[in-house]
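Text of the file run04.pdb, holding PDB, C-alpha atoms:
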```pdb
MODEL        1
ATOM      1  CA  MET A   1      30.672  -0.467  43.781
ATOM      2  CA  ILE A   2      28.430  -2.934  41.936
ATOM      3  CA  LYS A   3      31.265  -4.217  39.747
ATOM      4  CA  SER A   4      33.434  -4.728  42.803
ATOM      5  CA  ILE A   5      30.708  -6.884  44.359
ATOM      6  CA  ALA A   6      30.603  -9.033  41.246
ATOM      7  CA  LYS A   7      34.381  -9.387  41.251
ATOM      8  CA  GLU A   8      34.320 -10.425  44.890
ATOM      9  CA  VAL A   9      31.765 -13.139  44.107
ATOM     10  CA  PHE A  10      33.935 -14.408  41.251
ATOM     11  CA  GLU A  11      37.000 -14.496  43.477
ATOM     12  CA  ILE A  12      35.263 -16.288  46.355
ATOM     13  CA  GLU A  13      33.735 -18.968  44.155
ATOM     14  CA  ALA A  14      36.912 -19.419  42.106
ATOM     15  CA  LYS A  15      38.933 -20.003  45.289
ATOM     16  CA  GLU A  16      36.435 -22.562  46.535
ATOM     17  CA  ILE A  17      36.447 -24.420  43.226
ATOM     18  CA  ALA A  18      40.254 -24.436  43.197
ATOM     19  CA  LYS A  19      40.192 -26.185  46.583
ATOM     20  CA  LEU A  20      37.857 -28.870  45.283
ATOM     21  CA  SER A  21      40.601 -30.899  43.610
ATOM     22  CA  ASN A  22      42.237 -31.403  47.005
ATOM     23  CA  LEU A  23      39.057 -33.057  48.272
ATOM     24  CA  LEU A  24      39.023 -35.765  45.601
ATOM     25  CA  THR A  25      39.437 -39.285  46.921
ATOM     26  CA  ASP A  26      39.512 -42.701  45.302
ATOM     27  CA  ASP A  27      35.729 -42.705  45.585
ATOM     28  CA  PHE A  28      35.570 -40.389  42.568
ATOM     29  CA  GLU A  29      37.426 -42.895  40.416
ATOM     30  CA  TYR A  30      35.395 -45.814  41.763
ATOM     31  CA  ALA A  31      32.143 -43.958  41.160
ATOM     32  CA  VAL A  32      33.050 -43.075  37.569
ATOM     33  CA  LYS A  33      34.101 -46.664  36.838
ATOM     34  CA  ALA A  34      30.849 -47.961  38.316
ATOM     35  CA  ILE A  35      28.813 -45.633  36.092
ATOM     36  CA  LEU A  36      30.895 -46.623  33.093
ATOM     37  CA  ALA A  37      30.324 -50.337  33.720
ATOM     38  CA  SER A  38      26.629 -49.971  34.555
ATOM     39  CA  GLU A  39      24.001 -51.449  32.269
ATOM     40  CA  GLY A  40      21.350 -49.239  33.822
ATOM     41  CA  LYS A  41      20.745 -45.531  34.141
ATOM     42  CA  LEU A  42      22.253 -42.915  36.408
ATOM     43  CA  ILE A  43      19.419 -41.397  38.409
ATOM     44  CA  ILE A  44      20.158 -38.152  40.232
ATOM     45  CA  SER A  45      18.121 -36.747  43.096
ATOM     46  CA  GLY A  46      18.350 -33.688  45.287
ATOM     47  CA  MET A  47      16.115 -31.210  47.086
ATOM     48  CA  GLY A  48      15.874 -27.442  46.697
ATOM     49  CA  LYS A  49      18.916 -25.777  45.124
ATOM     50  CA  SER A  50      20.707 -29.133  45.083
ATOM     51  CA  GLY A  51      17.803 -30.476  43.050
ATOM     52  CA  ILE A  52      18.153 -27.681  40.507
ATOM     53  CA  ILE A  53      21.847 -28.463  40.116
ATOM     54  CA  ALA A  54      21.009 -32.180  39.931
ATOM     55  CA  LYS A  55      18.737 -31.511  36.948
ATOM     56  CA  LYS A  56      21.565 -29.770  35.114
ATOM     57  CA  ILE A  57      24.027 -32.565  35.873
ATOM     58  CA  ALA A  58      21.530 -35.166  34.637
ATOM     59  CA  ALA A  59      20.989 -33.168  31.433
ATOM     60  CA  THR A  60      24.733 -32.887  30.820
ATOM     61  CA  LEU A  61      25.247 -36.618  31.352
ATOM     62  CA  ALA A  62      22.308 -37.562  29.147
ATOM     63  CA  SER A  63      23.650 -35.454  26.279
ATOM     64  CA  THR A  64      27.164 -36.865  26.584
ATOM     65  CA  GLY A  65      26.457 -40.581  26.441
ATOM     66  CA  THR A  66      25.295 -41.520  29.951
ATOM     67  CA  PRO A  67      21.565 -42.343  30.215
ATOM     68  CA  SER A  68      20.462 -40.186  33.113
ATOM     69  CA  PHE A  69      17.468 -38.356  34.526
ATOM     70  CA  PHE A  70      16.492 -36.316  37.561
ATOM     71  CA  LEU A  71      14.136 -37.772  40.158
ATOM     72  CA  HIS A  72      12.551 -35.478  42.731
ATOM     73  CA  PRO A  73      13.065 -37.085  46.171
ATOM     74  CA  GLY A  74       9.621 -36.070  47.394
ATOM     75  CA  GLU A  75       7.879 -37.502  44.348
ATOM     76  CA  ALA A  76      10.053 -40.613  44.562
ATOM     77  CA  TYR A  77       8.941 -41.277  48.120
ATOM     78  CA  HIS A  78       5.306 -40.957  47.029
ATOM     79  CA  GLY A  79       5.307 -43.435  44.164
ATOM     80  CA  ASP A  80       8.077 -42.594  41.701
ATOM     81  CA  LEU A  81      10.512 -45.081  43.263
ATOM     82  CA  GLY A  82       9.183 -47.442  40.616
ATOM     83  CA  MET A  83      11.333 -45.545  38.114
ATOM     84  CA  ILE A  84      14.453 -46.944  39.778
ATOM     85  CA  GLU A  85      15.464 -50.402  38.574
ATOM     86  CA  SER A  86      17.906 -52.651  40.366
ATOM     87  CA  ASN A  87      20.690 -52.120  37.824
ATOM     88  CA  ASP A  88      20.475 -48.324  38.068
ATOM     89  CA  ILE A  89      23.009 -46.223  39.936
ATOM     90  CA  VAL A  90      21.606 -43.458  42.107
ATOM     91  CA  LEU A  91      23.430 -40.211  42.851
ATOM     92  CA  LEU A  92      22.045 -38.353  45.867
ATOM     93  CA  ILE A  93      22.938 -34.696  46.427
ATOM     94  CA  SER A  94      22.643 -32.775  49.682
ATOM     95  CA  ASN A  95      25.088 -30.116  50.807
ATOM     96  CA  SER A  96      24.456 -30.843  54.474
ATOM     97  CA  GLY A  97      24.127 -34.567  53.944
ATOM     98  CA  GLU A  98      21.144 -34.499  56.282
ATOM     99  CA  THR A  99      18.258 -33.576  53.957
ATOM    100  CA  ASP A 100      15.302 -35.606  55.163
ATOM    101  CA  GLU A 101      13.641 -36.135  51.758
ATOM    102  CA  VAL A 102      16.899 -37.495  50.349
ATOM    103  CA  LEU A 103      17.714 -39.718  53.316
ATOM    104  CA  LYS A 104      14.279 -41.349  53.085
ATOM    105  CA  LEU A 105      15.297 -42.924  49.780
ATOM    106  CA  ILE A 106      18.223 -44.854  51.237
ATOM    107  CA  PRO A 107      16.333 -47.798  52.804
ATOM    108  CA  PHE A 108      14.648 -48.582  49.493
ATOM    109  CA  LEU A 109      17.926 -48.314  47.586
ATOM    110  CA  LYS A 110      19.643 -50.623  50.058
ATOM    111  CA  ARG A 111      16.861 -53.209  49.814
ATOM    112  CA  GLN A 112      17.045 -53.108  46.027
ATOM    113  CA  LYS A 113      20.862 -53.206  46.199
ATOM    114  CA  ASN A 114      21.388 -50.199  43.975
ATOM    115  CA  ILE A 115      24.889 -48.756  43.813
ATOM    116  CA  THR A 116      24.676 -45.370  45.501
ATOM    117  CA  ILE A 117      26.846 -42.272  45.183
ATOM    118  CA  SER A 118      26.488 -39.162  47.281
ATOM    119  CA  MET A 119      27.646 -35.566  47.012
ATOM    120  CA  SER A 120      27.722 -33.566  50.224
ATOM    121  CA  GLY A 121      29.821 -31.017  52.032
ATOM    122  CA  ASN A 122      30.217 -33.299  55.015
ATOM    123  CA  PRO A 123      32.033 -36.659  54.649
ATOM    124  CA  ASN A 124      30.759 -37.608  58.119
ATOM    125  CA  SER A 125      27.121 -36.908  57.325
ATOM    126  CA  THR A 126      24.342 -39.491  57.443
ATOM    127  CA  LEU A 127      24.154 -39.433  53.641
ATOM    128  CA  ALA A 128      27.892 -39.943  53.178
ATOM    129  CA  LYS A 129      27.980 -42.851  55.630
ATOM    130  CA  ASN A 130      25.060 -44.628  53.962
ATOM    131  CA  THR A 131      26.157 -44.533  50.329
ATOM    132  CA  LYS A 132      28.809 -46.650  48.650
ATOM    133  CA  TYR A 133      30.819 -43.748  47.269
ATOM    134  CA  HIS A 134      30.998 -40.192  48.591
ATOM    135  CA  LEU A 135      32.167 -37.092  46.718
ATOM    136  CA  ASN A 136      33.165 -34.206  48.960
ATOM    137  CA  ILE A 137      31.877 -30.823  47.762
ATOM    138  CA  SER A 138      32.479 -28.841  50.946
ATOM    139  CA  VAL A 139      33.309 -25.145  50.752
ATOM    140  CA  ASP A 140      34.679 -22.845  53.416
ATOM    141  CA  LYS A 141      32.802 -19.761  52.323
ATOM    142  CA  GLU A 142      29.643 -18.964  50.425
ATOM    143  CA  ALA A 143      29.622 -15.896  48.199
ATOM    144  CA  CYS A 144      26.413 -14.845  49.951
ATOM    145  CA  PRO A 145      27.327 -12.094  52.467
ATOM    146  CA  LEU A 146      24.954 -13.664  55.001
ATOM    147  CA  GLN A 147      26.484 -17.121  54.444
ATOM    148  CA  LEU A 148      22.953 -18.415  53.955
ATOM    149  CA  ALA A 149      22.109 -18.620  50.241
ATOM    150  CA  PRO A 150      23.837 -21.537  48.475
ATOM    151  CA  THR A 151      26.332 -19.951  46.099
ATOM    152  CA  SER A 152      29.835 -21.385  46.274
ATOM    153  CA  SER A 153      28.367 -24.718  47.381
ATOM    154  CA  THR A 154      26.035 -25.049  44.392
ATOM    155  CA  THR A 155      28.878 -24.083  42.068
ATOM    156  CA  ALA A 156      31.057 -26.777  43.639
ATOM    157  CA  THR A 157      28.268 -29.320  43.147
ATOM    158  CA  LEU A 158      27.912 -28.351  39.509
ATOM    159  CA  VAL A 159      31.648 -28.590  38.895
ATOM    160  CA  MET A 160      31.798 -32.035  40.495
ATOM    161  CA  GLY A 161      28.994 -33.129  38.180
ATOM    162  CA  ASP A 162      30.860 -31.718  35.198
ATOM    163  CA  ALA A 163      33.968 -33.615  36.288
ATOM    164  CA  ILE A 164      32.006 -36.857  36.259
ATOM    165  CA  ALA A 165      30.539 -36.113  32.829
ATOM    166  CA  VAL A 166      33.880 -35.168  31.276
ATOM    167  CA  ALA A 167      35.640 -38.182  32.783
ATOM    168  CA  LEU A 168      32.980 -40.466  31.291
ATOM    169  CA  MET A 169      33.224 -38.727  27.915
ATOM    170  CA  LYS A 170      36.977 -39.272  27.760
ATOM    171  CA  LEU A 171      36.766 -42.876  28.926
ATOM    172  CA  ARG A 172      34.116 -43.576  26.272
ATOM    173  CA  ASP A 173      36.057 -41.646  23.619
ATOM    174  CA  PHE A 174      32.884 -39.631  23.080
ATOM    175  CA  LYS A 175      33.170 -37.619  19.839
ATOM    176  CA  ASP A 176      31.408 -34.596  18.420
ATOM    177  CA  VAL A 177      29.453 -36.892  16.098
ATOM    178  CA  ASN A 178      28.143 -38.786  19.128
ATOM    179  CA  PHE A 179      27.204 -35.486  20.736
ATOM    180  CA  ALA A 180      25.329 -34.451  17.601
ATOM    181  CA  LYS A 181      23.164 -37.585  17.720
ATOM    182  CA  PHE A 182      21.693 -36.318  20.978
ATOM    183  CA  HIS A 183      21.339 -32.766  19.584
ATOM    184  CA  PRO A 184      19.894 -33.274  16.082
ATOM    185  CA  GLY A 185      17.892 -30.060  16.345
ATOM    186  CA  GLY A 186      20.874 -27.890  17.215
ATOM    187  CA  SER A 187      23.224 -26.237  14.747
ATOM    188  CA  LEU A 188      26.056 -28.613  15.683
ATOM    189  CA  GLY A 189      23.883 -31.669  15.150
ATOM    190  CA  ARG A 190      22.690 -30.341  11.827
ATOM    191  CA  ARG A 191      26.202 -29.694  10.542
ATOM    192  CA  LEU A 192      27.512 -33.070  11.689
ATOM    193  CA  LEU A 193      24.609 -35.218  10.536
ATOM    194  CA  THR A 194      23.269 -33.465   7.433
ATOM    195  CA  LYS A 195      24.807 -34.099   4.005
ATOM    196  CA  VAL A 196      25.810 -31.350   1.614
ATOM    197  CA  GLU A 197      23.387 -32.654  -1.029
ATOM    198  CA  ASP A 198      20.494 -32.155   1.401
ATOM    199  CA  VAL A 199      20.854 -28.367   1.518
ATOM    200  CA  MET A 200      22.763 -27.390  -1.636
ATOM    201  CA  LYS A 201      21.182 -25.375  -4.429
ATOM    202  CA  LYS A 202      20.468 -27.815  -7.268
ATOM    203  CA  VAL A 203      18.317 -26.023  -9.829
ATOM    204  CA  ARG A 204      18.831 -22.961 -12.012
ATOM    205  CA  LEU A 205      22.519 -22.923 -11.188
ATOM    206  CA  PRO A 206      24.466 -19.915 -12.540
ATOM    207  CA  ILE A 207      26.628 -21.461 -15.288
ATOM    208  CA  CYS A 208      28.291 -20.305 -18.481
ATOM    209  CA  ASN A 209      30.957 -21.286 -20.986
ATOM    210  CA  GLY A 210      34.419 -19.805 -21.181
ATOM    211  CA  SER A 211      33.667 -17.603 -24.190
ATOM    212  CA  LEU A 212      30.729 -15.745 -22.647
ATOM    213  CA  PRO A 213      31.296 -11.948 -22.801
ATOM    214  CA  ILE A 214      32.027 -10.362 -19.452
ATOM    215  CA  ILE A 215      28.890  -8.193 -19.481
ATOM    216  CA  ASP A 216      26.772 -11.359 -19.796
ATOM    217  CA  VAL A 217      28.788 -12.946 -16.980
ATOM    218  CA  VAL A 218      27.767 -10.028 -14.756
ATOM    219  CA  HIS A 219      24.103 -10.621 -15.657
ATOM    220  CA  LYS A 220      24.493 -14.348 -14.884
ATOM    221  CA  ILE A 221      25.905 -13.591 -11.438
ATOM    222  CA  THR A 222      23.022 -11.205 -10.723
ATOM    223  CA  GLU A 223      20.357 -13.645 -11.919
ATOM    224  CA  GLY A 224      21.879 -16.620 -10.125
ATOM    225  CA  LYS A 225      21.708 -14.945  -6.686
ATOM    226  CA  CYS A 226      24.727 -16.936  -5.503
ATOM    227  CA  GLY A 227      27.319 -14.219  -5.956
ATOM    228  CA  LEU A 228      29.135 -16.295  -8.583
ATOM    229  CA  VAL A 229      28.948 -18.087 -11.904
ATOM    230  CA  VAL A 230      30.487 -21.470 -12.702
ATOM    231  CA  VAL A 231      32.368 -21.866 -15.976
ATOM    232  CA  LEU A 232      31.807 -25.264 -17.597
ATOM    233  CA  ARG A 233      33.304 -27.091 -20.573
ATOM    234  CA  ASP A 234      31.668 -30.337 -21.681
ATOM    235  CA  ASN A 235      29.737 -30.229 -18.419
ATOM    236  CA  LYS A 236      33.016 -30.308 -16.468
ATOM    237  CA  ILE A 237      33.938 -27.591 -13.987
ATOM    238  CA  LEU A 238      36.530 -25.349 -15.591
ATOM    239  CA  GLY A 239      36.491 -22.400 -13.223
ATOM    240  CA  VAL A 240      34.436 -20.010 -11.135
ATOM    241  CA  ILE A 241      33.896 -16.250 -11.209
ATOM    242  CA  SER A 242      32.720 -14.421  -8.096
ATOM    243  CA  ASP A 243      31.316 -10.918  -7.861
ATOM    244  CA  GLY A 244      34.556 -10.045  -6.078
ATOM    245  CA  ASP A 245      36.533 -11.234  -9.123
ATOM    246  CA  ILE A 246      34.439  -8.902 -11.280
ATOM    247  CA  ARG A 247      35.099  -5.883  -9.065
ATOM    248  CA  ARG A 248      38.832  -6.574  -8.848
ATOM    249  CA  THR A 249      39.092  -7.053 -12.619
ATOM    250  CA  MET A 250      37.247  -3.791 -13.274
ATOM    251  CA  GLN A 251      39.709  -1.941 -11.052
ATOM    252  CA  SER A 252      42.802  -3.529 -12.594
ATOM    253  CA  ASN A 253      41.647  -3.512 -16.236
ATOM    254  CA  GLU A 254      39.261  -0.579 -16.420
ATOM    255  CA  ASN A 255      39.820   0.253 -20.087
ATOM    256  CA  GLY A 256      39.702  -3.279 -21.481
ATOM    257  CA  PHE A 257      37.164  -4.761 -19.078
ATOM    258  CA  PHE A 258      34.303  -5.085 -21.553
ATOM    259  CA  ASP A 259      36.536  -6.874 -24.075
ATOM    260  CA  LEU A 260      37.063  -9.783 -21.679
ATOM    261  CA  VAL A 261      35.288 -13.129 -21.652
ATOM    262  CA  ALA A 262      34.603 -15.567 -18.813
ATOM    263  CA  LYS A 263      37.797 -17.597 -19.166
ATOM    264  CA  ASP A 264      39.892 -14.430 -18.817
ATOM    265  CA  VAL A 265      38.514 -13.716 -15.349
ATOM    266  CA  MET A 266      37.712 -17.111 -13.844
ATOM    267  CA  THR A 267      39.606 -18.824 -11.071
ATOM    268  CA  ARG A 268      40.689 -22.155 -12.501
ATOM    269  CA  ALA A 269      40.266 -25.530 -10.771
ATOM    270  CA  PRO A 270      38.169 -24.194  -7.879
ATOM    271  CA  LYS A 271      37.786 -26.201  -4.694
ATOM    272  CA  THR A 272      34.813 -28.596  -4.774
ATOM    273  CA  ILE A 273      33.121 -31.005  -2.396
ATOM    274  CA  ASN A 274      31.146 -34.209  -2.921
ATOM    275  CA  GLY A 275      27.450 -34.024  -2.123
ATOM    276  CA  LEU A 276      27.708 -37.016   0.218
ATOM    277  CA  GLU A 277      30.044 -35.170   2.597
ATOM    278  CA  LYS A 278      28.654 -33.685   5.815
ATOM    279  CA  LEU A 279      27.980 -29.982   6.267
ATOM    280  CA  VAL A 280      30.786 -29.791   8.804
ATOM    281  CA  GLN A 281      33.306 -30.694   6.069
ATOM    282  CA  ALA A 282      31.909 -27.970   3.813
ATOM    283  CA  GLU A 283      32.123 -25.452   6.642
ATOM    284  CA  GLU A 284      35.728 -26.393   7.381
ATOM    285  CA  ILE A 285      36.745 -25.901   3.746
ATOM    286  CA  MET A 286      34.979 -22.553   3.430
ATOM    287  CA  ARG A 287      36.398 -21.165   6.665
ATOM    288  CA  LYS A 288      39.907 -22.408   5.894
ATOM    289  CA  ARG A 289      39.876 -20.886   2.394
ATOM    290  CA  LYS A 290      37.910 -17.815   3.506
ATOM    291  CA  ILE A 291      35.210 -18.317   0.879
ATOM    292  CA  ASN A 292      31.435 -18.065   1.184
ATOM    293  CA  SER A 293      30.454 -20.561  -1.511
ATOM    294  CA  LEU A 294      31.578 -24.042  -2.472
ATOM    295  CA  LEU A 295      30.890 -25.982  -5.671
ATOM    296  CA  VAL A 296      29.445 -29.460  -5.298
ATOM    297  CA  SER A 297      30.584 -32.047  -7.824
ATOM    298  CA  ASN A 298      30.124 -35.761  -8.423
ATOM    299  CA  GLU A 299      32.731 -38.434  -9.112
ATOM    300  CA  SER A 300      32.913 -37.339 -12.769
ATOM    301  CA  ASP A 301      33.685 -33.737 -11.802
ATOM    302  CA  ASN A 302      30.281 -32.594 -13.045
ATOM    303  CA  LEU A 303      28.646 -29.679 -11.265
ATOM    304  CA  VAL A 304      25.634 -30.878  -9.252
ATOM    305  CA  GLY A 305      25.107 -27.989  -6.859
ATOM    306  CA  ILE A 306      26.350 -24.981  -4.910
ATOM    307  CA  ILE A 307      26.446 -24.668  -1.137
ATOM    308  CA  GLN A 308      26.967 -21.382   0.676
ATOM    309  CA  LEU A 309      28.027 -20.472   4.178
ATOM    310  CA  TYR A 310      24.572 -19.296   5.210
ATOM    311  CA  ASP A 311      23.220 -22.767   4.307
ATOM    312  CA  LEU A 312      25.176 -24.132   7.275
ATOM    313  CA  ILE A 313      23.490 -21.989   9.910
TER     314      ILE A 313
ENDMDL
END
```
Let me see whether you can do it: turn the structure in this file into C-alpha cells.
Amino acid sequence: MIKSIAKEVFEIEAKEIAKLSNLLTDDFEYAVKAILASEGKLIISGMGKSGIIAKKIAATLASTGTPSFFLHPGEAYHGDLGMIESNDIVLLISNSGETDEVLKLIPFLKRQKNITISMSGNPNSTLAKNTKYHLNISVDKEACPLQLAPTSSTTATLVMGDAIAVALMKLRDFKDVNFAKFHPGGSLGRRLLTKVEDVMKKVRLPICNGSLPIIDVVHKITEGKCGLVVVLRDNKILGVISDGDIRRTMQSNENGFFDLVAKDVMTRAPKTINGLEKLVQAEEIMRKRKINSLLVSNESDNLVGIIQLYDLI
C-alpha cells in the first residue's frame, strides 16, 4: 500500500516533468543568453515553497559559475531592494503568477531597468505579462491527492532552474576544476586542487635494497605501515613489494620462501607519479590499475614519497 503510493507520486511527477519540454519557448534561450552576457548577478526571489526552490536554484547557479543569490520578496520590499543593482538580472518565481509579495517588486525593477525573468504556471498571469522573459512551469496535476500542496509544480520549477544552470555550464564550458574552486572544502575540490606532495608520506619511508633477505622485507613492510616496501638502487626506484606479493610468493614457493631476497619478489618498474600532480590524477591511476598505493618520484626518478588511496578521501 505505502510503496504503491510512492510509485504513484513518482509516476505523476515524472509525467509532468516530461511535458515540460513542450512548454519551452524562445524566451528560455533569450533568458539564458541574457544571463550569460550579464555583468551583474542573477537574483532570484519567490515566496513560500517557490522561495525554497528559488534558494536551491540560486545555490546551484552560484556553484556552477553564475553569481547568484536568493532575495526574500518580503524583506526586499522592506529595505533589501538595495541589494539589487541596475546591471543585475532578477528571476521571479510564483506558480500562480499572482503572488502579491513578488508582484510588488516589479515597479522598482522597471524603474531601475533591470532585465526580469519569471517562472509561473500561467503565461497569462500578471507576473508573466510584466517581465521580459517568461518560463512556463505549468503542470496539469499535483501529486498531492487534495491537489493543494505544491508537489509536481515545485518539481517542475526546480527542473527549469536546473535546465538554466546546465545550459549556462555548457555555454561557459564549465569544467570540474572550475566546480572545485567553488567547493574547496568538499572531497571533489580537495582532489582537484590539492597536489600529491601536499598529502604524501615523506618521512620514514619503507625502503630496502635488492639483496635484503625476505624475512627482513616482511619486517620492513610491517614497520612501514604502508603495506609495501620500495626497493632502491643508488637511490633510484628499482621495484616495489606489497604485502600481497609476500602472501602470493609464500603460497607459490613455500619451501624456498626464506631463501629469497627482495629482488626475487619485487615488481619491477612500478608506476609512479610526480609530486606536483593533483590528487585526482593519483586517484585515476590507482583505480585504473586497481592498486591502493602509488610511489611518488621526482624528475630524477628518486623516491620522494608514497601516497595511498585513503589519503584521497
Tell me which residues the PyMOL selection byres ((chain A and resi 76) around 12) grabs here, as a list in words. Ile43, Ile44, Ser45, Gly46, Met47, Phe70, Leu71, His72, Pro73, Gly74, Glu75, Tyr77, His78, Gly79, Asp80, Leu81, Gly82, Met83, Ile84, Glu101, Val102, Leu103, Lys104, Leu105, Ile106, Phe108 and Leu109 of chain A
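If you measure from each of A:Ser152, A:Asn130, A:Thr116, A:Asn274 to A:Ser297 using all atoms listed in the file, the closest one turns out to be A:Asn274.
In this comparison, which uses only C-alpha atoms, the residue of A:Leu158, A:Ile89, A:Met266, A:Leu303 approaching A:Lys49 most closely is A:Leu158.
Minimum atom-to-atom distance to A:Ser96, evaluated using only C-alpha atoms, belongs to A:Ile137 out of A:Pro270, A:Glu142, A:Lys236, A:Ile137.
Distances here use all atoms listed in the file; by that measure, the residue among A:Glu284, A:Asp264, A:Asp162, A:Asp301 closest to A:Leu232 is A:Asp301.
In this comparison, which uses all atoms listed in the file, the residue of A:Thr131, A:Ser94, A:Thr126, A:Thr99 approaching A:Asp27 most closely is A:Thr131.
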I want to know what sits within 9 Å of A:Lys141, based on all atoms listed in the file, with residues of the same chain fewer than 5 positions away left out; could you give that as a VMD selection string? chain A and resid 12 to 13 16 147 151 to 153
Any chance you could export the current selection's C-alpha atoms as an mmCIF file, in the frame of the given file?
```cif
data_model
loop_
_atom_site.group_PDB
_atom_site.id
_atom_site.type_symbol
_atom_site.label_atom_id
_atom_site.label_comp_id
_atom_site.auth_asym_id
_atom_site.auth_seq_id
_atom_site.Cartn_x
_atom_site.Cartn_y
_atom_site.Cartn_z
ATOM 1 C CA ILE A 12 35.263 -16.288 46.355
ATOM 2 C CA GLU A 13 33.735 -18.968 44.155
ATOM 3 C CA GLU A 16 36.435 -22.562 46.535
ATOM 4 C CA GLN A 147 26.484 -17.121 54.444
ATOM 5 C CA THR A 151 26.332 -19.951 46.099
ATOM 6 C CA SER A 152 29.835 -21.385 46.274
ATOM 7 C CA SER A 153 28.367 -24.718 47.381
#
```
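We find atom CA of A:Met286 and atom CA of A:Leu309 to be spaced 7.3 Å apart.
Take the PyMOL selection byres ((chain A and resi 124) around 12) and apply it to this file: it picks Asn95, Ser96, Gly97, Glu98, Ser118, Met119, Ser120, Gly121, Asn122, Pro123, Ser125, Thr126, Leu127, Ala128, Lys129, Asn130, Thr131, His134, Leu135, Asn136 and Ser138 of chain A.
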Residue by residue, what does the PyMOL selection byres ((chain A and resi 20) around 9) grab here? Present the result as JSON, numbers by chain. {"A": [15, 16, 17, 18, 19, 21, 22, 23, 24, 136, 137, 138, 139, 156, 159, 160]}
Quick one: everything within 12 Å of A:Gln281, counting only C-alpha atoms, minus sequence neighbours fewer than 2 positions away in the same chain. Send it as a count of residues only. 24
Report the centre and edge lengths, in Å to one decimal, of an axis-aligned box enclosing every atom of stretch 235-241 of chain A listed in the file, padded by 8 Å on each side, as JSON.
```
{"center_x": 33.1, "center_y": -23.3, "center_z": -14.8, "size_x": 22.8, "size_y": 30.1, "size_z": 23.3}
```
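Excluding A:Arg248 itself and same-chain residues fewer than 6 positions from it, the residues having an atom within 12 Å of it are A:Ile241, A:Ser242, A:Glu254, A:Phe257, A:Val265, A:Met266, counting all atoms listed in the file.
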Can you write just those residues out, C-alpha atoms, as a PDB file, in the coordinates of the input?
```pdb
ATOM      1  CA  ILE A 241      33.896 -16.250 -11.209  1.00  0.00           C
ATOM      2  CA  SER A 242      32.720 -14.421  -8.096  1.00  0.00           C
ATOM      3  CA  GLU A 254      39.261  -0.579 -16.420  1.00  0.00           C
ATOM      4  CA  PHE A 257      37.164  -4.761 -19.078  1.00  0.00           C
ATOM      5  CA  VAL A 265      38.514 -13.716 -15.349  1.00  0.00           C
ATOM      6  CA  MET A 266      37.712 -17.111 -13.844  1.00  0.00           C
TER       7      MET A 266
END
```
Go through A:Gly210, A:Phe10, A:Ala282, A:Ser293 one by one, measure the shortest atom-to-atom distance of each to A:Arg268 using all atoms listed in the file, and give the residue with the smallest value. A:Gly210
